[in-house]
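**Q** Following this line is upload-v2.txt, made up of compact mmCIF, C-alpha atoms:
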```
# COMPACT_ATOMS: atom_id res chain seq x y z
CA MET A 26 -10.40 42.61 4.27
CA ARG A 27 -9.76 44.97 7.18
CA HIS A 28 -10.21 48.71 6.65
CA THR A 29 -8.75 51.42 8.89
CA ILE A 30 -10.43 54.74 9.65
CA PRO A 31 -7.69 57.19 10.71
CA PRO A 32 -8.10 59.16 13.95
CA ARG A 33 -10.71 61.95 13.85
CA SER A 34 -12.14 60.90 10.47
CA GLY A 35 -14.99 58.88 9.02
CA ALA A 36 -16.10 56.59 6.21
CA ALA A 37 -19.30 55.51 4.49
CA PHE A 38 -20.02 52.27 2.65
CA THR A 39 -22.82 49.86 1.80
CA LEU A 40 -23.75 46.67 3.62
CA ASP A 41 -25.96 44.02 2.04
CA SER A 42 -28.68 42.18 3.91
CA GLY A 43 -27.13 39.18 5.66
CA GLN A 44 -23.61 40.60 5.67
CA HIS A 45 -21.73 41.12 8.92
CA LEU A 46 -19.97 44.32 9.96
CA THR A 47 -17.23 43.94 12.56
CA VAL A 48 -16.06 47.16 14.24
CA ILE A 49 -12.68 46.76 15.94
CA ASP A 50 -10.83 48.94 18.43
CA PRO A 51 -7.22 48.15 17.48
CA GLU A 52 -5.52 50.13 20.26
CA GLY A 53 -8.18 50.38 22.97
CA GLU A 54 -10.32 53.18 24.45
CA GLN A 55 -11.51 54.54 21.08
CA VAL A 56 -15.15 55.29 20.23
CA ALA A 57 -16.76 54.84 16.80
CA ASP A 58 -20.01 56.59 15.83
CA LEU A 59 -22.21 54.27 13.72
CA LEU A 60 -25.13 55.32 11.51
CA ALA A 61 -27.33 53.12 9.32
CA PHE A 62 -29.74 54.17 6.57
CA ALA A 63 -32.01 51.88 4.55
CA ARG A 64 -30.48 51.81 1.08
CA HIS A 65 -33.90 51.73 -0.67
CA ASP A 66 -35.10 54.87 1.17
CA ILE A 67 -32.70 57.11 3.11
CA ASP A 68 -35.62 58.59 5.05
CA GLU A 69 -35.53 55.33 7.01
CA VAL A 70 -32.70 55.69 9.49
CA ILE A 71 -31.36 54.23 12.73
CA SER A 72 -33.41 55.32 15.75
CA SER A 73 -32.05 55.56 19.26
CA GLY A 74 -35.51 56.15 20.71
CA ARG A 75 -37.15 53.12 19.14
CA SER A 76 -34.18 50.81 19.78
CA LEU A 77 -33.96 51.70 23.47
CA ASP A 78 -37.75 51.65 23.87
CA TYR A 79 -38.10 48.14 22.43
CA ALA A 80 -35.11 46.78 24.40
CA SER A 81 -36.36 48.48 27.61
CA ARG A 82 -32.80 49.38 28.64
CA LEU A 83 -30.04 51.87 27.87
CA PHE A 84 -27.12 49.56 27.15
CA LEU A 85 -27.49 47.31 24.10
CA THR A 86 -25.33 44.25 23.47
CA THR A 87 -25.34 40.75 21.93
CA GLY A 88 -28.80 39.76 20.71
CA ASP A 89 -30.18 43.29 20.65
CA ALA A 90 -31.54 44.99 17.54
CA LEU A 91 -30.95 48.50 16.21
CA TYR A 92 -34.30 49.66 14.86
CA SER A 93 -35.19 52.33 12.32
CA ASN A 94 -37.54 55.26 12.76
CA ARG A 95 -40.14 52.97 11.08
CA SER A 96 -39.60 50.14 13.60
CA THR A 97 -37.72 47.95 11.13
CA VAL A 98 -34.67 46.06 12.39
CA LEU A 99 -31.69 47.46 10.47
CA LEU A 100 -28.88 45.74 12.37
CA ARG A 101 -28.64 43.04 15.01
CA ILE A 102 -25.70 42.71 17.41
CA VAL A 103 -24.44 39.13 17.09
CA GLU A 104 -21.18 39.40 19.06
CA ASP A 105 -19.83 41.96 21.52
CA THR A 106 -16.62 41.65 23.52
CA VAL A 107 -17.16 44.90 25.45
CA GLY A 108 -20.87 45.12 26.29
CA ARG A 109 -20.93 48.87 26.91
CA HIS A 110 -21.92 51.35 24.21
CA ASP A 111 -23.90 54.60 24.15
CA PHE A 112 -27.11 55.38 22.25
CA LEU A 113 -27.96 58.69 23.95
CA LEU A 114 -25.44 61.29 22.83
CA THR A 115 -25.40 62.92 19.42
CA PRO A 116 -22.27 62.88 17.21
CA CYS A 117 -19.73 65.46 18.34
CA SER A 118 -19.53 68.51 16.07
CA ALA A 119 -17.84 71.87 15.67
CA ASP A 120 -20.63 73.22 17.88
CA THR A 121 -19.89 70.56 20.52
CA PHE A 122 -16.27 71.67 20.68
CA ARG A 123 -17.23 75.34 20.77
CA ILE A 124 -19.97 74.97 23.43
CA ILE A 125 -18.55 72.24 25.68
CA TYR A 126 -14.78 72.61 25.24
CA GLY A 127 -14.58 76.33 24.38
CA ASP A 128 -12.49 75.74 21.23
CA GLU A 129 -12.01 78.87 19.14
CA HIS A 130 -11.11 76.89 16.01
CA PRO A 131 -13.05 73.65 16.49
CA HIS A 132 -12.64 70.38 14.61
CA ARG A 133 -15.68 69.39 12.52
CA GLY A 134 -16.11 66.33 14.73
CA CYS A 135 -17.95 63.11 13.98
CA PHE A 136 -20.96 65.02 12.69
CA GLY A 137 -18.86 66.79 10.06
CA ASN A 138 -16.98 63.60 9.21
CA LEU A 139 -20.24 61.67 8.78
CA ALA A 140 -21.78 64.45 6.69
CA HIS A 141 -18.74 64.50 4.43
CA ALA A 142 -18.61 60.70 4.05
CA LEU A 143 -22.36 60.30 3.46
CA GLU A 144 -22.64 63.16 0.95
CA SER A 145 -21.86 60.84 -1.99
CA TYR A 146 -24.94 58.75 -1.02
CA GLY A 147 -27.22 61.79 -1.17
CA ILE A 148 -27.51 62.05 2.62
CA ALA A 149 -27.55 65.67 3.77
CA PRO A 150 -26.34 66.81 7.22
CA ASP A 151 -29.88 67.42 8.51
CA ARG A 152 -30.63 63.69 8.07
CA ILE A 153 -27.94 62.67 10.58
CA PRO A 154 -29.56 61.33 13.78
CA VAL A 155 -28.16 60.18 17.12
CA ALA A 156 -25.51 57.57 16.34
CA PHE A 157 -24.92 54.22 18.02
CA ASN A 158 -21.68 55.15 19.78
CA VAL A 159 -19.67 51.93 19.70
CA PHE A 160 -17.45 51.48 22.78
CA MET A 161 -18.58 54.81 24.31
CA ASN A 162 -19.01 54.58 28.09
CA VAL A 163 -21.66 56.96 29.40
CA ALA A 164 -22.85 56.60 32.99
CA VAL A 165 -26.30 57.82 34.02
CA ASP A 166 -26.96 58.89 37.60
CA GLY A 167 -30.05 57.04 38.81
CA GLN A 168 -31.22 59.92 41.00
CA THR A 169 -30.58 63.06 38.94
CA GLY A 170 -30.23 61.64 35.41
CA ALA A 171 -26.87 63.41 35.07
CA LEU A 172 -24.65 62.00 32.32
CA GLU A 173 -20.94 61.33 32.78
CA VAL A 174 -18.67 60.39 29.88
CA ARG A 175 -16.10 57.90 31.16
CA PRO A 176 -13.15 56.21 29.41
CA PRO A 177 -14.24 53.40 27.07
CA LEU A 178 -14.01 49.88 28.49
CA SER A 179 -12.64 48.54 25.19
CA ARG A 180 -9.11 47.18 25.06
CA ALA A 181 -6.89 46.56 22.05
CA GLY A 182 -8.58 44.07 19.72
CA ASP A 183 -12.07 44.32 21.21
CA ARG A 184 -14.90 44.18 18.69
CA ILE A 185 -18.61 44.25 18.08
CA VAL A 186 -20.26 42.38 15.20
CA PHE A 187 -23.52 43.45 13.55
CA ARG A 188 -25.63 41.51 11.05
CA ALA A 189 -27.47 43.61 8.46
CA GLU A 190 -31.16 42.74 8.31
CA THR A 191 -31.70 44.79 5.14
CA ASP A 192 -29.54 46.57 2.55
CA LEU A 193 -27.90 49.53 4.25
CA ILE A 194 -25.73 52.59 3.89
CA ILE A 195 -23.37 52.79 6.87
CA GLY A 196 -21.53 55.81 8.26
CA LEU A 197 -18.71 55.08 10.71
CA THR A 198 -16.13 57.27 12.46
CA ALA A 199 -13.09 57.20 14.66
CA CYS A 200 -14.52 59.66 17.19
CA SER A 201 -13.04 63.13 17.54
CA ALA A 202 -14.07 64.04 21.11
CA LEU A 203 -11.27 64.06 23.68
CA GLN A 204 -13.41 63.10 26.67
CA SER A 205 -15.06 60.17 24.85
CA ASN A 206 -11.68 58.57 24.04
CA ASN A 207 -9.86 59.10 27.34
CA TYR A 208 -8.04 62.12 25.86
CA ALA A 209 -6.27 60.39 22.97
CA PHE A 210 -7.23 59.91 19.32
CA LYS A 211 -6.74 56.51 17.72
CA PRO A 212 -7.97 54.66 14.62
CA ILE A 213 -10.97 52.38 14.25
CA GLN A 214 -11.02 49.34 12.00
CA TYR A 215 -13.86 47.47 10.34
CA GLU A 216 -14.42 44.34 8.29
CA ILE A 217 -17.34 43.24 6.10
CA SER A 218 -18.01 39.52 5.73
CA SER A 219 -20.75 37.10 4.69
```
In structure tokens, what does this structure look like?
**A**
Amino acid sequence: MRHTIPPRSGAAFTLDSGQHLTVIDPEGEQVADLLAFARHDIDEVISSGRSLDYASRLFLTTGDALYSNRSTVLLRIVEDTVGRHDFLLTPCSADTFRIIYGDEHPHRGCFGNLAHALESYGIAPDRIPVAFNVFMNVAVDGQTGALEVRPPLSRAGDRIVFRAETDLIIGLTACSALQSNNYAFKPIQYEISS
């Protein structure tokens, strides 16, 4: 069954060990922030630092693992039609929109959407780490280290498939940041399968 996350919103759900999560960009150029928590202990959470360290590169794709803060593999990427995602930038928030965009009445962003969706699983906002930003295209200058958010490379129907390596709680958004989504907000879809 395919589920749709409306623009600028989020969802949370469980994923059993061995199940597959497919994240789909139905219209193209839309980012999805992905979080994963071990269901048996929510103090064990997806870790950008460990995942990038063990892969020895910034851009993860098919065959790569998303590790926890305890060096456990939570998810493994088993299919990826885009090949470019971000694991550096934190979920956008009301503060992001205030500080970067100068919004006087900012949207709560992916951070707020994740906090709201994960609340029913007992996950408080301060537990939210850097997300795996599906389809987000961030360039890194090799000389200065400057970051540039570019339009996603995903086109309508592109997808990434993860296999759960343990029982998980997942948070997933249709990202709320203008720059990340080439200045348009669209839905994200996902499917869970065996």
**Q** Show me the residues around (-33.7, 53.5, 21.1) - criterion: an atom at most 12 Å away, all atoms listed in the file counted - as a PyMOL selection string.
**A** chain A and resi 70-85+89-96+98+111-114+154-157
**Q** Between CA of Ala37 (chain A) and CA of Ile194 (chain A), what is the distance, to one decimal in Å?
**A**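 The value is 7.1 Å.
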**Q** Which region 48-122 of chain A residues have any atom within 9 Å of an atom of region 199-214 of chain A, and for each, what is the nearest pair of atoms with distance in Å to one decimal, counting only C-alpha atoms, rows sorted by chain and number, as CSV?
**A**
```
residue,atom,partner,partner_atom,distance
A:Val48,CA,A:Gln214,CA,5.9
A:Ile49,CA,A:Gln214,CA,5.0
A:Asp50,CA,A:Ile213,CA,5.4
A:Pro51,CA,A:Ile213,CA,6.5
A:Glu52,CA,A:Lys211,CA,7.0
A:Gly53,CA,A:Lys211,CA,8.2
A:Glu54,CA,A:Asn206,CA,5.6
A:Gln55,CA,A:Asn206,CA,5.0
A:Val56,CA,A:Cys200,CA,5.4
A:Ala57,CA,A:Ala199,CA,4.9
A:Asp58,CA,A:Cys200,CA,6.4
A:Pro116,CA,A:Cys200,CA,8.4
A:Cys117,CA,A:Ala202,CA,6.5
A:Ser118,CA,A:Ser201,CA,8.6
A:Thr121,CA,A:Ala202,CA,8.8
A:Phe122,CA,A:Ala202,CA,8.0
```
**Q** One decimal, in Å: what's the spacing between CA of Ile67 (chain A) and CA of Leu139 (chain A)?
**A**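 Calculated distance between CA of Ile67 (chain A) and CA of Leu139 (chain A) is 14.4 Å.
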**Q** Please report the interatomic distance between CA of Arg152 (chain A) and CA of Tyr126 (chain A) in Å with one decimal.
**A**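 Interatomic distance here is 25.0 Å.
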**Q** Just the residues within 8 Å of Arg27 (chain A), please, counting only C-alpha atoms, with nothing from its chain fewer than 2 positions along; format it as a list of chain:residue names.
**A**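 The neighbour list is A:Thr29, A:Gln214, A:Tyr215, A:Glu216, A:Ile217.
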**Q** Rank nothing, just name the residue among A:Asn138, A:Thr97, A:Thr169, A:Ser179 nearest to His110 (chain A), using all atoms listed in the file.
**A** A:Ser179
**Q** Using all atoms listed in the file, which of the listed residues (A:Thr86, A:Asp151, A:Glu69, A:Arg188) sits closest to Thr106 (chain A)?
**A**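 Under the stated criterion, the closest residue is A:Thr86.
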**Q** Using all atoms listed in the file, which of A:Gln44, A:Val163, A:Glu173, A:Thr39 sits nearest Val103 (chain A)?
**A**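 Under the stated criterion, the closest residue is A:Gln44.
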**Q** Counting all atoms listed in the file, which of A:Glu144, A:Ala149, A:Leu100, A:Pro31 gets nearest to Leu46 (chain A)?
**A**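 Among the listed residues, A:Leu100 lies closest to Leu46 (chain A).
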**Q** For a cut-off of 8 Å around (-14.8, 43.6, 23.8), file coordinates, pick out all residues using all atoms listed in the file and list them as JSON, numbers by chain.
**A** {"A": [105, 106, 107, 108, 178, 179, 180, 182, 183, 184, 185]}
**Q** Taking all atoms listed in the file into account, which of A:Gly35, A:Pro131, A:Gly43, A:Gly170 comes nearest Gly196 (chain A)?
**A** A:Gly35
